[in-house]
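*Asks:* Structure provided below as structure tokens; questions to follow.
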Amino acid sequence: MPAFTPPPLPSDDKRWKIVNGTMRKNGFARYALIETLHTVQSAFGYLDDDSIRFVARSLRVPLSQAYGVVTFYHYFSLKPPGKHTMTICTGTACYIKGTDKLVAAAEKRLAIPQGQTTADGKISLMTARCVGACGRAPVVLTDGELVGQMTGEQMLEQLERWAVE
Amino acid sequence: MNIEELEQIAESVRAENAKFDYEINVCMGTGCLSQHSDKLKDELVKEAEKQGKNAFIRRTGCMGLCAAGPLVLVDPEEILYQHVKASDAAAVAASLGAEPVAALQCDLREHFDQQVHVVLENSGHIDPERIDDYIAHDGYQALVKALTEMEPNDVIKQITESGLRGRGGGGYPTGLKWGTVAKAGGDLKYVICNGDEGDPGAFMDRSVLESDPQRVLEGMAIAAYAVGASKGYVYVRAEYPLAVARLTNCLRDARRRGLLGNNICNTPFNFDVEIRLGAGAFVCGEETALIASIEGKRGTPKPRPPYPAVSGLWGKPTLINNVETFANIAPIIRKGGKWFASVGTEKSKGTKVFAITGKITNTGLVEVPMGMTLRQIIEGIGGGVPDGHKFKAVQTGGPSGGCIPDEHLDLQVSYESLIQAGSMMGSGGMIVMDDTSCMVNVARFFVEFCMTESCGKCIPCRAGTAQMFTLLSRICAGTGTMDDLDLLVDLCGTIKETSLCGLGMTAPNPVLSTLRYFKNEYIDHIVHKRCPAGVCNIEAPVEVLA
């Protein structure tokens, strides 16, 4: 069998080199699929068709399997995130402290259901299944930064600041 | 590396620390960091210098009382300050050698004095990113002792004698598991540390990995020596970025010190560890699903047997233990299995770390000996329910566990007693609920969780949890009937008996336990069309599943 040559990088975007680096580090082994997808998501913010195809071809994983993995794990996103992201934790401790009201208030303010991004692409509203900061419940992540003991007013103020940026 | 060299490192750290009159420990776990304890630390360094105080400011891991953060511990006086802001740095620095800052002082003797710290012995005392700090606190002595003085079988004997059982929730005897992997044939074996703490409301593993990561690595290395493995993986949730970062540094430092890699301690023993990130799937806490995920596949469980101990990662014998289990190993080897077995109850030995959250005064992490009663933990250490509300139930075991009411609070905590009460130990989440929580809604919350987290491989779990959710939603909306209740009980039995893995088998527990202790609440919803706690919106239309 001829030696395997990985496909060329999809473009000269430097981020592909980082993605390729992860695969090379793992000898282009199939088990590196999830790790590589993590790298793609942290570099590009989400996983689009081109990136999934590129990773699948490079690792010689059937496209169906790659897509299966992407859609199985909640952490991977197929849509680009908004400029800002409000992630509301809906773990048990946060639920007991009334996080459902936070979700409802945010959905009402942004007029989108959780898991979506506003039409202007400014704000994404996400929920998380426990970020492990239960001691500070209810917890939200504003652009990845953890804020504990969140109140409805505080959260709406933050959304307001983002909306008028 | 040998014992003498470890002693030398420890000695130099102690000598370094002795140069200072005071030590100020600043908690930099996720909880306190979210309140900018990093800035506080910088301020303290500046202030101490400005005021000419000879103090060492140390970054530490979690001190336990997350709700009172940021926490600062001043040694040698052992004064604990709570809610310390960066602007308080001057006052704290000024208090060194003078009167403590009364306004910030946290006096919770009862909270700390009743705890027994084994797993958390270094948490809040050492810098988690300095391996030498760990070594100065007896770190890696157990590994060196095991490698240079003990045969692999002796190690397993000590673990068996200790009576340690899996801390991930299952409670399988650790020594027995190690013995099975050790006996399995083949040259290639793996050790996996399960840090996929998916149970919502639990953060023991995150805290241990953030506060004392070297301890987990040492436990893994000892395990690898005992079972004959040379490669290890730590599987951590991607949602725990700080734990991942600290672990990464930790691996680098351990390699530099020759405590990971080839010919550790000049013996033929080779061992190295890699980190694998989870990607947000609760089911990956199940060992066969976790293995599939490390292999780069969808995290779906496989029927057992074969158990991973015989055929695990890439078909090789694999030892999987939880973070907290590995964190218990070094002290057992250092002090002996008998010492460990002297703590706890007849069948549940040692201590257990619990994350107490919900409607409780002292929210955070505690470690108590097995056999302590729930009342002692909740009312004593936890400080009881705040704001004059009445305690209703404590939920243990996460989505696999159940709710335990007031009349069972004198239950002694052990693997068996919690199962008898209709719940389970689980990984250690303890969520306290008061009279503002509706137990039917709580059951619905957990069932919804299991429904969305079901991997979809077996029908009882995939379809069953969805049906349970529909029934519970109907009851919560006030449109349920008593027939629905019978159907629900019937369904619970089917799912429990026929699901493939632990997720499905235990998914009905929250429903069954609330039905056992709070059936009147179900009846209130169905017959009287009211929610006693005022949580459920009875007028709302039934949620229809897409």
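Every chain in the structure tokens takes a letter, A first, then B, and so on in the order presented; its residues are numbered from 1, and the ligands are numbered from 1 following the presented order.
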Write down, as JSON, numbers by chain, each residue of chain A that has any atom within 8 Å of an atom of chain B, counting only C-alpha atoms.
*Replies:* {"A": [30, 31, 32, 33, 34, 35, 65, 68, 69, 72, 73, 74, 75, 76, 91, 92, 93, 94, 96, 97, 129, 130, 131, 132, 133, 134, 135, 136, 137, 145, 146, 147, 148]}
*Asks:* Using N, CA and C atoms, can you export the residues from the last selection as a compact mmCIF listing (two decimals), in the first residue's frame?
*Replies:*
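The resulting file, part-v9.txt, is shown below:
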# COMPACT_ATOMS: atom_id res chain seq x y z
N ARG A 30 -6.41 7.64 14.14
CA ARG A 30 -7.86 7.87 14.15
C ARG A 30 -8.37 8.30 15.52
N TYR A 31 -7.72 7.81 16.56
CA TYR A 31 -8.23 8.14 17.90
C TYR A 31 -8.08 9.62 18.22
N ALA A 32 -7.31 10.34 17.38
CA ALA A 32 -7.12 11.77 17.64
C ALA A 32 -8.30 12.61 17.17
N LEU A 33 -9.36 11.96 16.70
CA LEU A 33 -10.50 12.70 16.13
C LEU A 33 -11.06 13.75 17.09
N ILE A 34 -11.39 13.31 18.32
CA ILE A 34 -12.03 14.24 19.26
C ILE A 34 -11.06 15.36 19.64
N GLU A 35 -9.80 15.00 19.86
CA GLU A 35 -8.80 16.02 20.20
C GLU A 35 -8.67 17.05 19.09
N GLN A 65 -18.68 8.92 10.42
CA GLN A 65 -18.23 8.73 11.80
C GLN A 65 -17.83 10.07 12.42
N GLY A 68 -20.91 11.92 13.14
CA GLY A 68 -21.55 11.26 14.29
C GLY A 68 -20.94 11.72 15.59
N VAL A 69 -19.62 11.82 15.62
CA VAL A 69 -18.94 12.25 16.84
C VAL A 69 -19.27 13.72 17.14
N PHE A 72 -22.72 13.98 18.52
CA PHE A 72 -22.95 13.24 19.75
C PHE A 72 -22.60 14.09 20.97
N TYR A 73 -21.48 14.79 20.88
CA TYR A 73 -20.99 15.55 22.03
C TYR A 73 -21.52 16.97 22.04
N HIS A 74 -22.10 17.35 23.18
CA HIS A 74 -22.73 18.67 23.29
C HIS A 74 -21.73 19.81 23.13
N TYR A 75 -20.48 19.54 23.46
CA TYR A 75 -19.49 20.62 23.48
C TYR A 75 -19.22 21.17 22.08
N PHE A 76 -19.42 20.33 21.06
CA PHE A 76 -19.13 20.77 19.70
C PHE A 76 -20.32 21.52 19.10
N GLY A 91 -27.31 23.18 35.99
CA GLY A 91 -27.05 22.01 36.86
C GLY A 91 -27.99 22.03 38.04
N THR A 92 -27.95 20.96 38.84
CA THR A 92 -28.92 20.80 39.92
C THR A 92 -28.88 21.94 40.93
N ALA A 93 -27.67 22.30 41.37
CA ALA A 93 -27.57 23.35 42.39
C ALA A 93 -28.13 24.66 41.86
N CYS A 94 -27.84 24.96 40.59
CA CYS A 94 -28.35 26.19 39.98
C CYS A 94 -29.86 26.11 39.80
N ILE A 96 -31.96 24.46 41.71
CA ILE A 96 -32.57 24.67 43.03
C ILE A 96 -32.57 26.16 43.38
N LYS A 97 -31.56 26.88 42.89
CA LYS A 97 -31.49 28.32 43.19
C LYS A 97 -32.20 29.15 42.11
N ARG A 129 -24.64 22.12 31.33
CA ARG A 129 -25.08 21.11 32.28
C ARG A 129 -24.15 21.05 33.47
N CYS A 130 -23.96 22.11 34.16
CA CYS A 130 -23.11 22.16 35.34
C CYS A 130 -21.66 22.46 34.98
N VAL A 131 -21.17 23.59 35.47
CA VAL A 131 -19.78 23.96 35.25
C VAL A 131 -18.96 23.67 36.49
N GLY A 132 -19.57 23.04 37.48
CA GLY A 132 -18.82 22.61 38.67
C GLY A 132 -18.49 23.72 39.63
N ALA A 133 -19.21 24.83 39.55
CA ALA A 133 -18.98 25.90 40.51
C ALA A 133 -20.23 26.04 41.37
N CYS A 134 -20.78 24.88 41.77
CA CYS A 134 -22.07 24.82 42.44
C CYS A 134 -22.10 25.64 43.73
N GLY A 135 -20.93 25.83 44.34
CA GLY A 135 -20.86 26.61 45.56
C GLY A 135 -21.27 28.06 45.34
N ARG A 136 -21.23 28.51 44.09
CA ARG A 136 -21.55 29.90 43.79
C ARG A 136 -22.88 30.03 43.05
N ALA A 137 -23.70 28.99 43.07
CA ALA A 137 -24.95 28.96 42.30
C ALA A 137 -25.87 30.12 42.67
N GLU A 145 -16.30 33.73 31.09
CA GLU A 145 -15.86 34.09 32.44
C GLU A 145 -16.96 33.77 33.44
N LEU A 146 -16.56 33.06 34.49
CA LEU A 146 -17.55 32.57 35.45
C LEU A 146 -18.01 33.67 36.39
N VAL A 147 -19.31 33.86 36.49
CA VAL A 147 -19.87 34.82 37.44
C VAL A 147 -20.88 34.08 38.31
N GLY A 148 -20.65 34.13 39.62
CA GLY A 148 -21.51 33.40 40.54
C GLY A 148 -22.59 34.26 41.16
*Asks:* Enumerate, as a VMD selection string, the complete set of residues in stretch 81-140 of chain B that a backbone-based DSSP assignment places in helix (DSSP H, G or I).
*Replies:* chain B and resid 86 to 94 102 to 104 109 to 113 131 to 136
*Asks:* Based on the selection just made, write N, CA and C atoms of those residues as a PDB file, in the first residue's frame.
*Replies:*
ATOM      1  N   ALA B  86      -9.953  42.782  46.724  1.00  0.00           N
ATOM      2  CA  ALA B  86      -8.613  43.326  46.478  1.00  0.00           C
ATOM      3  C   ALA B  86      -8.386  44.573  47.330  1.00  0.00           C
ATOM      4  N   SER B  87      -9.476  45.323  47.551  1.00  0.00           N
ATOM      5  CA  SER B  87      -9.347  46.559  48.332  1.00  0.00           C
ATOM      6  C   SER B  87      -9.098  46.290  49.820  1.00  0.00           C
ATOM      7  N   ASP B  88      -9.278  45.024  50.236  1.00  0.00           N
ATOM      8  CA  ASP B  88      -9.017  44.678  51.633  1.00  0.00           C
ATOM      9  C   ASP B  88      -7.559  44.290  51.871  1.00  0.00           C
ATOM     10  N   ALA B  89      -6.783  44.227  50.795  1.00  0.00           N
ATOM     11  CA  ALA B  89      -5.415  43.719  50.911  1.00  0.00           C
ATOM     12  C   ALA B  89      -4.600  44.513  51.928  1.00  0.00           C
ATOM     13  N   ALA B  90      -4.758  45.846  51.915  1.00  0.00           N
ATOM     14  CA  ALA B  90      -3.984  46.685  52.828  1.00  0.00           C
ATOM     15  C   ALA B  90      -4.297  46.334  54.280  1.00  0.00           C
ATOM     16  N   ALA B  91      -5.587  46.153  54.573  1.00  0.00           N
ATOM     17  CA  ALA B  91      -5.997  45.842  55.939  1.00  0.00           C
ATOM     18  C   ALA B  91      -5.458  44.478  56.375  1.00  0.00           C
ATOM     19  N   VAL B  92      -5.505  43.506  55.464  1.00  0.00           N
ATOM     20  CA  VAL B  92      -5.018  42.168  55.810  1.00  0.00           C
ATOM     21  C   VAL B  92      -3.514  42.219  56.059  1.00  0.00           C
ATOM     22  N   ALA B  93      -2.793  42.937  55.201  1.00  0.00           N
ATOM     23  CA  ALA B  93      -1.347  43.046  55.373  1.00  0.00           C
ATOM     24  C   ALA B  93      -1.028  43.750  56.699  1.00  0.00           C
ATOM     25  N   ALA B  94      -1.801  44.787  57.009  1.00  0.00           N
ATOM     26  CA  ALA B  94      -1.554  45.542  58.239  1.00  0.00           C
ATOM     27  C   ALA B  94      -1.814  44.702  59.483  1.00  0.00           C
ATOM     28  N   ALA B 102     -11.359  42.128  62.098  1.00  0.00           N
ATOM     29  CA  ALA B 102     -12.568  41.488  62.630  1.00  0.00           C
ATOM     30  C   ALA B 102     -13.679  41.401  61.593  1.00  0.00           C
ATOM     31  N   ALA B 103     -13.786  42.428  60.764  1.00  0.00           N
ATOM     32  CA  ALA B 103     -14.901  42.483  59.815  1.00  0.00           C
ATOM     33  C   ALA B 103     -14.843  41.358  58.779  1.00  0.00           C
ATOM     34  N   LEU B 104     -13.650  40.835  58.527  1.00  0.00           N
ATOM     35  CA  LEU B 104     -13.509  39.815  57.488  1.00  0.00           C
ATOM     36  C   LEU B 104     -13.397  38.405  58.061  1.00  0.00           C
ATOM     37  N   ARG B 109     -15.560  27.269  63.356  1.00  0.00           N
ATOM     38  CA  ARG B 109     -14.883  26.124  63.976  1.00  0.00           C
ATOM     39  C   ARG B 109     -15.653  24.832  63.727  1.00  0.00           C
ATOM     40  N   GLU B 110     -16.972  24.924  63.934  1.00  0.00           N
ATOM     41  CA  GLU B 110     -17.790  23.715  63.830  1.00  0.00           C
ATOM     42  C   GLU B 110     -17.708  23.115  62.427  1.00  0.00           C
ATOM     43  N   HIS B 111     -17.647  24.009  61.450  1.00  0.00           N
ATOM     44  CA  HIS B 111     -17.593  23.559  60.066  1.00  0.00           C
ATOM     45  C   HIS B 111     -16.327  22.748  59.808  1.00  0.00           C
ATOM     46  N   PHE B 112     -15.211  23.223  60.310  1.00  0.00           N
ATOM     47  CA  PHE B 112     -13.949  22.561  60.000  1.00  0.00           C
ATOM     48  C   PHE B 112     -13.583  21.449  60.974  1.00  0.00           C
ATOM     49  N   ASP B 113     -13.906  21.662  62.265  1.00  0.00           N
ATOM     50  CA  ASP B 113     -13.445  20.710  63.276  1.00  0.00           C
ATOM     51  C   ASP B 113     -14.043  19.318  63.128  1.00  0.00           C
ATOM     52  N   ILE B 131       5.338  21.466  42.221  1.00  0.00           N
ATOM     53  CA  ILE B 131       5.514  20.067  42.615  1.00  0.00           C
ATOM     54  C   ILE B 131       6.309  19.977  43.920  1.00  0.00           C
ATOM     55  N   ASP B 132       7.230  20.913  44.125  1.00  0.00           N
ATOM     56  CA  ASP B 132       8.044  20.856  45.349  1.00  0.00           C
ATOM     57  C   ASP B 132       7.205  21.099  46.598  1.00  0.00           C
ATOM     58  N   ASP B 133       6.162  21.911  46.453  1.00  0.00           N
ATOM     59  CA  ASP B 133       5.249  22.116  47.575  1.00  0.00           C
ATOM     60  C   ASP B 133       4.594  20.796  47.960  1.00  0.00           C
ATOM     61  N   TYR B 134       4.206  20.039  46.933  1.00  0.00           N
ATOM     62  CA  TYR B 134       3.582  18.740  47.186  1.00  0.00           C
ATOM     63  C   TYR B 134       4.580  17.800  47.852  1.00  0.00           C
ATOM     64  N   ILE B 135       5.812  17.819  47.347  1.00  0.00           N
ATOM     65  CA  ILE B 135       6.843  16.949  47.914  1.00  0.00           C
ATOM     66  C   ILE B 135       7.103  17.317  49.378  1.00  0.00           C
ATOM     67  N   ALA B 136       7.047  18.607  49.681  1.00  0.00           N
ATOM     68  CA  ALA B 136       7.254  19.049  51.064  1.00  0.00           C
ATOM     69  C   ALA B 136       6.134  18.577  51.984  1.00  0.00           C
TER      70      ALA B 136
END
*Asks:* Contacts of A:Gly45 at 7 Å or less, counting only C-alpha atoms, minus same-chain residues fewer than 2 places along, as a ChimeraX atom specification?
*Replies:* /A:41-43,80-81
*Asks:* Quick one: residues within 7 Å of B:Asn321, only C-alpha atoms counted, chain neighbours fewer than 6 positions away excluded, as a list in words?
*Replies:*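 In the requested format, the answer is Gly166, Ile192, Cys193 and Asn194 of chain B.
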*Asks:* Give me, as a list of chain:residue names, all polymer residues having an atom no more than 12 Å from stretch 5-7 of chain B, counting only C-alpha atoms and skipping those fewer than 6 positions away in the same chain.
*Replies:*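 Once the nearby chain positions are removed, what remains is B:Val13, B:Arg14, B:Ala15, B:Ile131, B:Asp132, B:Asp133, B:Tyr134, B:Ile135, B:Ala136, B:His137, B:Asp138, B:Gly139, B:Tyr140, B:Gln141, B:Ala142, B:Leu143, B:Val144, B:Lys145, B:Arg257, B:Gly258, B:Leu259, B:Cys265.
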*Asks:* Restricting the calculation to only C-alpha atoms, which member of B:Thr318, B:Thr288, B:Ser95, B:Thr506 is positioned closest to B:Ala224?
*Replies:* B:Thr318
*Asks:* Quick one: everything within 12 Å of A:Met23, counting only C-alpha atoms, minus sequence neighbours fewer than 2 positions away in the same chain. Send it as number ranges by chain.
*Replies:* A: 6, 16-21, 25-40, 54-60
*Asks:* For the residues in that selection, give me C-alpha atoms as a compact mmCIF listing (two decimals), in the first residue's frame.
*Replies:*
# COMPACT_ATOMS: atom_id res chain seq x y z
CA PRO A 6 -2.54 13.84 4.37
CA TRP A 16 -5.13 25.24 9.94
CA LYS A 17 -1.50 24.80 10.89
CA ILE A 18 -2.52 24.57 14.54
CA VAL A 19 -5.14 21.96 13.61
CA ASN A 20 -2.60 20.05 11.58
CA GLY A 21 -0.18 20.23 14.50
CA LYS A 25 1.38 15.15 17.30
CA ASN A 26 -0.87 12.08 17.33
CA GLY A 27 0.68 10.56 14.20
CA PHE A 28 -2.57 11.15 12.27
CA ALA A 29 -4.10 8.31 14.27
CA ARG A 30 -7.86 7.87 14.15
CA TYR A 31 -8.23 8.14 17.90
CA ALA A 32 -7.12 11.77 17.64
CA LEU A 33 -10.50 12.70 16.13
CA ILE A 34 -12.03 14.24 19.26
CA GLU A 35 -8.80 16.02 20.20
CA THR A 36 -8.50 17.48 16.72
CA LEU A 37 -12.11 18.64 16.73
CA HIS A 38 -11.40 20.37 20.06
CA THR A 39 -8.51 22.19 18.39
CA VAL A 40 -10.66 23.21 15.43
CA PHE A 54 -10.65 18.11 6.27
CA VAL A 55 -10.20 16.43 9.65
CA ALA A 56 -11.99 13.26 8.53
CA ARG A 57 -9.83 12.96 5.39
CA SER A 58 -6.62 13.68 7.27
CA LEU A 59 -7.33 11.04 9.91
CA ARG A 60 -8.85 8.57 7.42
*Asks:* List as a PyMOL selection string the protein and nucleic acid residues near B:His125, meaning an atom at most 9 Å away when only C-alpha atoms are counted, but skip any in the same chain fewer than 4 places from it.
*Replies:* chain B and resi 25+58-63+73+121+211
*Asks:* Distance atom CA of B:Gly382-atom CA of B:Ser513, one decimal place?
*Replies:*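 Straight-line distance from atom CA of B:Gly382 to atom CA of B:Ser513 works out to 23.1 Å.
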*Asks:* From a DSSP pass on the backbone, collect the residues of chain A flagged as strand (DSSP E or B) and hand them back as JSON, numbers by chain.
*Replies:* {"A": [84, 85, 86, 87, 88, 89, 116, 117, 123, 124, 125, 126, 127, 128, 140, 141, 142, 145, 146, 147]}
*Asks:* Print the selection's residues with C-alpha atoms to a file, as an mmCIF file, in the first residue's frame.
*Replies:*
data_model
loop_
_atom_site.group_PDB
_atom_site.id
_atom_site.type_symbol
_atom_site.label_atom_id
_atom_site.label_comp_id
_atom_site.auth_asym_id
_atom_site.auth_seq_id
_atom_site.Cartn_x
_atom_site.Cartn_y
_atom_site.Cartn_z
ATOM 1 C CA HIS A 84 -20.766 37.513 22.888
ATOM 2 C CA THR A 85 -22.007 34.392 24.613
ATOM 3 C CA MET A 86 -24.132 34.140 27.722
ATOM 4 C CA THR A 87 -24.024 30.605 29.062
ATOM 5 C CA ILE A 88 -26.399 29.854 31.906
ATOM 6 C CA CYS A 89 -25.643 26.837 34.069
ATOM 7 C CA GLN A 116 -29.485 30.211 19.416
ATOM 8 C CA THR A 117 -27.841 33.459 18.406
ATOM 9 C CA ILE A 123 -25.342 37.477 21.413
ATOM 10 C CA SER A 124 -25.586 33.697 21.733
ATOM 11 C CA LEU A 125 -27.669 32.253 24.539
ATOM 12 C CA MET A 126 -26.453 28.862 25.741
ATOM 13 C CA THR A 127 -27.097 26.588 28.689
ATOM 14 C CA ALA A 128 -24.555 24.311 30.362
ATOM 15 C CA VAL A 140 -23.434 32.028 34.394
ATOM 16 C CA LEU A 141 -20.491 32.316 32.038
ATOM 17 C CA THR A 142 -20.230 35.703 30.339
ATOM 18 C CA GLU A 145 -15.863 34.085 32.440
ATOM 19 C CA LEU A 146 -17.547 32.573 35.445
ATOM 20 C CA VAL A 147 -19.870 34.818 37.443
#
